[in-house]
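Contents: one structure, followed by commentary.
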Amino acid sequence: MNSKDLQARFFAIRSNRFFEFFVISVIIFSALVIGAKTYDVSPNILQLIRWLDIGITLFFMVEIVIRFIGDPNKRSFFKDPWNLFDTLIVVVSLVPIDDSEMALVGRLIRIFRVLRMVSIIPELRILLNSLIKAMPQLGYVILLMFIIFYIYAAAGASLFAHINEDLWGDITISLLTLFRVMTFEDWTDVMYETMEVYPLSWIYYLTFIFLTAFAFLNMVIGIVVNVMESESSREAKEKAEAKAASEPSLTDLQNEIKSLRQLIEDKVK
């Protein structure tokens, strides 16, 4: 078997849907094995978990080799950030550091193997890429939200500090209190306490919740959805262009027919 046949077979394996589902199943099983280590289990079960972890790591190494050999353009294999991420996770997992001072780092690296789900499932890649590309736009929304937080925190520290210094003593504590209000964590207790002194203080809380929890949340969702639609359209366009490029054009077919006709005429002569 030459290298081209081997590459073709490995490419067929990596493109097989059953193989992809099997890899996803192993990643999920790896997450369950990591979770099992957090329980107080018997030494025999712990030893079984170690052997399972070794087997999972070896499987991931074989899977990376299959993907690399089956890649038609091996020079650009590691230019893909996801391929590089998967390879680094697998290589670091091979280092035997369970009984060393780096044991904690080794466990953390194995936890990150769950992130390989993102590199395997295209929809998750689109979602993560959309979130990353939306960060510049989200930065301005976060900056505006911080300005609103700061204004309300300064006002709250000025108005309510004498009511409860633990919640409104200074602007830093006021920011934490407002974050509690925004996340609806017992925020009514905070409001009712100030309403005993300032009956109209409910306006302060409701306007803050409307600006942060509702308005800004919808802005964030809108930005992310817009970027996701753009990313999905871009990938669909790239796939269509790649498919069109792989299909022969009418001119190519005509030239091929002419070449075959000329070859047949030469043989007849």
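For the structure tokens, the naming scheme is as follows: chains receive sequential letters (A, B, ...) according to their order of presentation, residues are indexed from 1 within each chain, and ligands are indexed from 1 in presentation order.
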- Polymer residues at most 12 Å from Pro122 (chain A), only C-alpha atoms, same-chain spacing of 2 or more positions, as number ranges by chain: A: 20, 82, 116-120, 124-129, 231-232, 235-236
If you keep N, CA and C atoms, can you produce a file of those selected residues as a compact mmCIF listing (two decimals), in the first residue's frame?
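Printed below is selection-v8.txt as written:
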# COMPACT_ATOMS: atom_id res chain seq x y z
N GLU A 20 -16.91 10.01 13.61
CA GLU A 20 -17.09 11.27 14.32
C GLU A 20 -17.95 11.09 15.56
N TRP A 82 -7.77 24.85 15.70
CA TRP A 82 -8.41 23.73 16.39
C TRP A 82 -7.55 22.48 16.33
N ARG A 116 -12.63 19.57 23.28
CA ARG A 116 -12.45 19.01 21.95
C ARG A 116 -13.78 18.78 21.25
N MET A 117 -14.87 18.81 22.02
CA MET A 117 -16.20 18.73 21.41
C MET A 117 -16.39 19.88 20.43
N VAL A 118 -15.81 21.03 20.75
CA VAL A 118 -15.97 22.21 19.89
C VAL A 118 -15.27 21.98 18.56
N SER A 119 -14.10 21.36 18.58
CA SER A 119 -13.36 21.14 17.35
C SER A 119 -13.98 20.04 16.49
N ILE A 120 -14.77 19.15 17.11
CA ILE A 120 -15.37 18.05 16.38
C ILE A 120 -16.70 18.45 15.75
N LEU A 124 -20.74 23.98 16.97
CA LEU A 124 -20.11 24.59 18.14
C LEU A 124 -18.97 25.52 17.73
N ARG A 125 -18.25 25.15 16.66
CA ARG A 125 -17.19 26.03 16.17
C ARG A 125 -17.77 27.34 15.67
N ILE A 126 -18.89 27.26 14.96
CA ILE A 126 -19.53 28.49 14.47
C ILE A 126 -19.95 29.37 15.63
N LEU A 127 -20.52 28.73 16.69
CA LEU A 127 -20.96 29.50 17.85
C LEU A 127 -19.80 30.18 18.54
N LEU A 128 -18.70 29.43 18.76
CA LEU A 128 -17.55 30.02 19.44
C LEU A 128 -16.87 31.09 18.59
N ASN A 129 -16.74 30.83 17.30
CA ASN A 129 -16.15 31.84 16.42
C ASN A 129 -16.99 33.10 16.38
N GLU A 231 -21.55 34.56 10.11
CA GLU A 231 -20.59 33.45 10.09
C GLU A 231 -21.17 32.24 9.37
N SER A 232 -22.44 31.95 9.62
CA SER A 232 -23.08 30.81 8.95
C SER A 232 -23.17 31.05 7.45
N GLU A 235 -19.67 30.53 5.90
CA GLU A 235 -19.29 29.13 5.77
C GLU A 235 -20.08 28.45 4.65
N ALA A 236 -21.37 28.79 4.54
CA ALA A 236 -22.19 28.21 3.47
C ALA A 236 -21.68 28.65 2.11
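The neighbours of Ala153 (chain A) here are the residues that come within 10 Å of it, using only C-alpha atoms and leaving out any residue fewer than 3 positions away in the same chain; they are Ile147, Ile148, Phe149, Tyr150, Gly156, Ala157, Ser158, Leu159, Trp168, Asp170, Ile171, Thr172, Ile173, Ser174, Leu175, Leu176, Thr177, Leu178 and Phe179 of chain A.
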- With a distance cut-off of 8 Å and only C-alpha atoms, select the neighbouring residues of Phe11 (chain A), excluding the residue or stretch itself and same-chain residues fewer than 5 positions from it, and output the selection as a list of chain:residue names.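 After dropping sequence-adjacent residues, the list is A:Ile66, A:Arg67, A:Ile69, A:Gly70, A:Asp71, A:Pro72.
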The selected residues should be written to file as a compact mmCIF listing (two decimals), in the first residue's frame (atoms: N, CA, C and O atoms).
# COMPACT_ATOMS: atom_id res chain seq x y z
N ILE A 66 -4.66 9.78 12.67
CA ILE A 66 -5.55 9.48 11.54
C ILE A 66 -5.94 10.77 10.82
O ILE A 66 -5.92 10.85 9.58
N ARG A 67 -6.29 11.79 11.58
CA ARG A 67 -6.67 13.06 10.97
C ARG A 67 -5.51 13.70 10.22
O ARG A 67 -5.70 14.31 9.17
N ILE A 69 -2.73 12.10 8.89
CA ILE A 69 -2.36 11.34 7.69
C ILE A 69 -3.43 11.48 6.62
O ILE A 69 -3.14 11.55 5.42
N GLY A 70 -4.70 11.55 7.04
CA GLY A 70 -5.78 11.66 6.08
C GLY A 70 -6.00 13.05 5.53
O GLY A 70 -6.83 13.23 4.63
N ASP A 71 -5.29 14.04 6.06
CA ASP A 71 -5.45 15.41 5.57
C ASP A 71 -4.74 15.56 4.22
O ASP A 71 -3.55 15.27 4.10
N PRO A 72 -5.46 16.02 3.18
CA PRO A 72 -4.80 16.17 1.87
C PRO A 72 -3.69 17.22 1.88
O PRO A 72 -2.74 17.10 1.11
- Name the residues in contact with Leu115 (chain A) at a cut-off of 9 Å, using only C-alpha atoms, excluding same-chain residues fewer than 4 positions from it; report them as a ChimeraX atom specification. /A:27,86,111,119
- Task: Would you please extract all alpha helix (DSSP H) residues from region 39-119 of chain A, as assigned by DSSP on the backbone, and give them as an NGL selection string?
- Result: :A and (43-70 or 81-93 or 103-111 or 116-119)
Output C-alpha atoms of each residue in that selection to a file, as a compact mmCIF listing (two decimals), in the first residue's frame.
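Written file, out-v2.txt:
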# COMPACT_ATOMS: atom_id res chain seq x y z
CA PRO A 43 -8.57 2.07 45.34
CA ASN A 44 -9.62 -0.59 42.82
CA ILE A 45 -12.06 1.79 41.10
CA LEU A 46 -9.44 4.53 41.18
CA GLN A 47 -6.94 2.22 39.48
CA LEU A 48 -9.57 1.33 36.85
CA ILE A 49 -10.14 5.03 36.23
CA ARG A 50 -6.39 5.53 35.71
CA TRP A 51 -6.30 2.75 33.12
CA LEU A 52 -9.37 4.17 31.39
CA ASP A 53 -7.71 7.59 31.31
CA ILE A 54 -4.60 6.09 29.70
CA GLY A 55 -6.75 4.28 27.13
CA ILE A 56 -8.66 7.48 26.30
CA THR A 57 -5.41 9.41 25.87
CA LEU A 58 -4.00 6.74 23.53
CA PHE A 59 -7.23 6.76 21.52
CA PHE A 60 -7.03 10.54 21.13
CA MET A 61 -3.43 10.18 19.97
CA VAL A 62 -4.45 7.61 17.33
CA GLU A 63 -7.32 9.87 16.27
CA ILE A 64 -4.97 12.83 15.77
CA VAL A 65 -2.63 10.63 13.70
CA ILE A 66 -5.55 9.48 11.54
CA ARG A 67 -6.67 13.06 10.97
CA PHE A 68 -3.13 14.17 10.13
CA ILE A 69 -2.36 11.34 7.69
CA GLY A 70 -5.78 11.66 6.08
CA PRO A 81 -6.08 26.60 15.51
CA TRP A 82 -8.41 23.73 16.39
CA ASN A 83 -6.01 21.08 15.09
CA LEU A 84 -3.20 22.73 17.02
CA PHE A 85 -5.34 22.88 20.17
CA ASP A 86 -6.32 19.20 19.90
CA THR A 87 -2.71 18.15 19.33
CA LEU A 88 -1.40 20.15 22.31
CA ILE A 89 -4.09 18.72 24.61
CA VAL A 90 -3.25 15.16 23.55
CA VAL A 91 0.54 15.65 23.74
CA VAL A 92 0.38 17.23 27.20
CA SER A 93 -1.93 14.44 28.37
CA ALA A 103 -0.40 16.68 39.13
CA LEU A 104 -2.88 19.55 39.41
CA VAL A 105 -1.81 20.89 36.00
CA GLY A 106 -2.19 17.40 34.53
CA ARG A 107 -5.74 17.11 35.85
CA LEU A 108 -6.62 20.54 34.49
CA ILE A 109 -5.24 19.61 31.06
CA ARG A 110 -7.42 16.49 31.05
CA ILE A 111 -10.45 18.61 31.93
CA ARG A 116 -12.45 19.01 21.95
CA MET A 117 -16.20 18.73 21.41
CA VAL A 118 -15.97 22.21 19.89
CA SER A 119 -13.36 21.14 17.35
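Straight-line separation from CA of Arg180 (chain A) to CA of Ile223 (chain A): 24.6 Å.
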- Hey, which of A:Leu143, A:Ala36, A:Leu217, A:Val114 ends up closest to Ile24 (chain A)? Count only C-alpha atoms.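 Closest to Ile24 (chain A) of all the choices is A:Val114.
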- Two-atom distance - CA of Asn218 (chain A), CA of Ile142 (chain A) (Å): 12.7 Å
- Task: For each of A:Ile163, A:Ile121, A:Ala31, A:Ala154, take the minimum atom-to-atom distance to Tyr192 (chain A), counting only C-alpha atoms, then give the residue where this is smallest.
- Result: A:Ile163
- Task: One decimal, Å: what's the distance from CA of Ser15 (chain A) over to CA of Phe78 (chain A), could you say?
- Result: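 Atom-to-atom, CA of Ser15 (chain A) and CA of Phe78 (chain A) are spaced 18.2 Å apart.
Counting only C-alpha atoms and comparing A:Arg113, A:His162, A:Lys133, A:Arg9, the residue that lies closest to Val33 (chain A) is A:Arg113.
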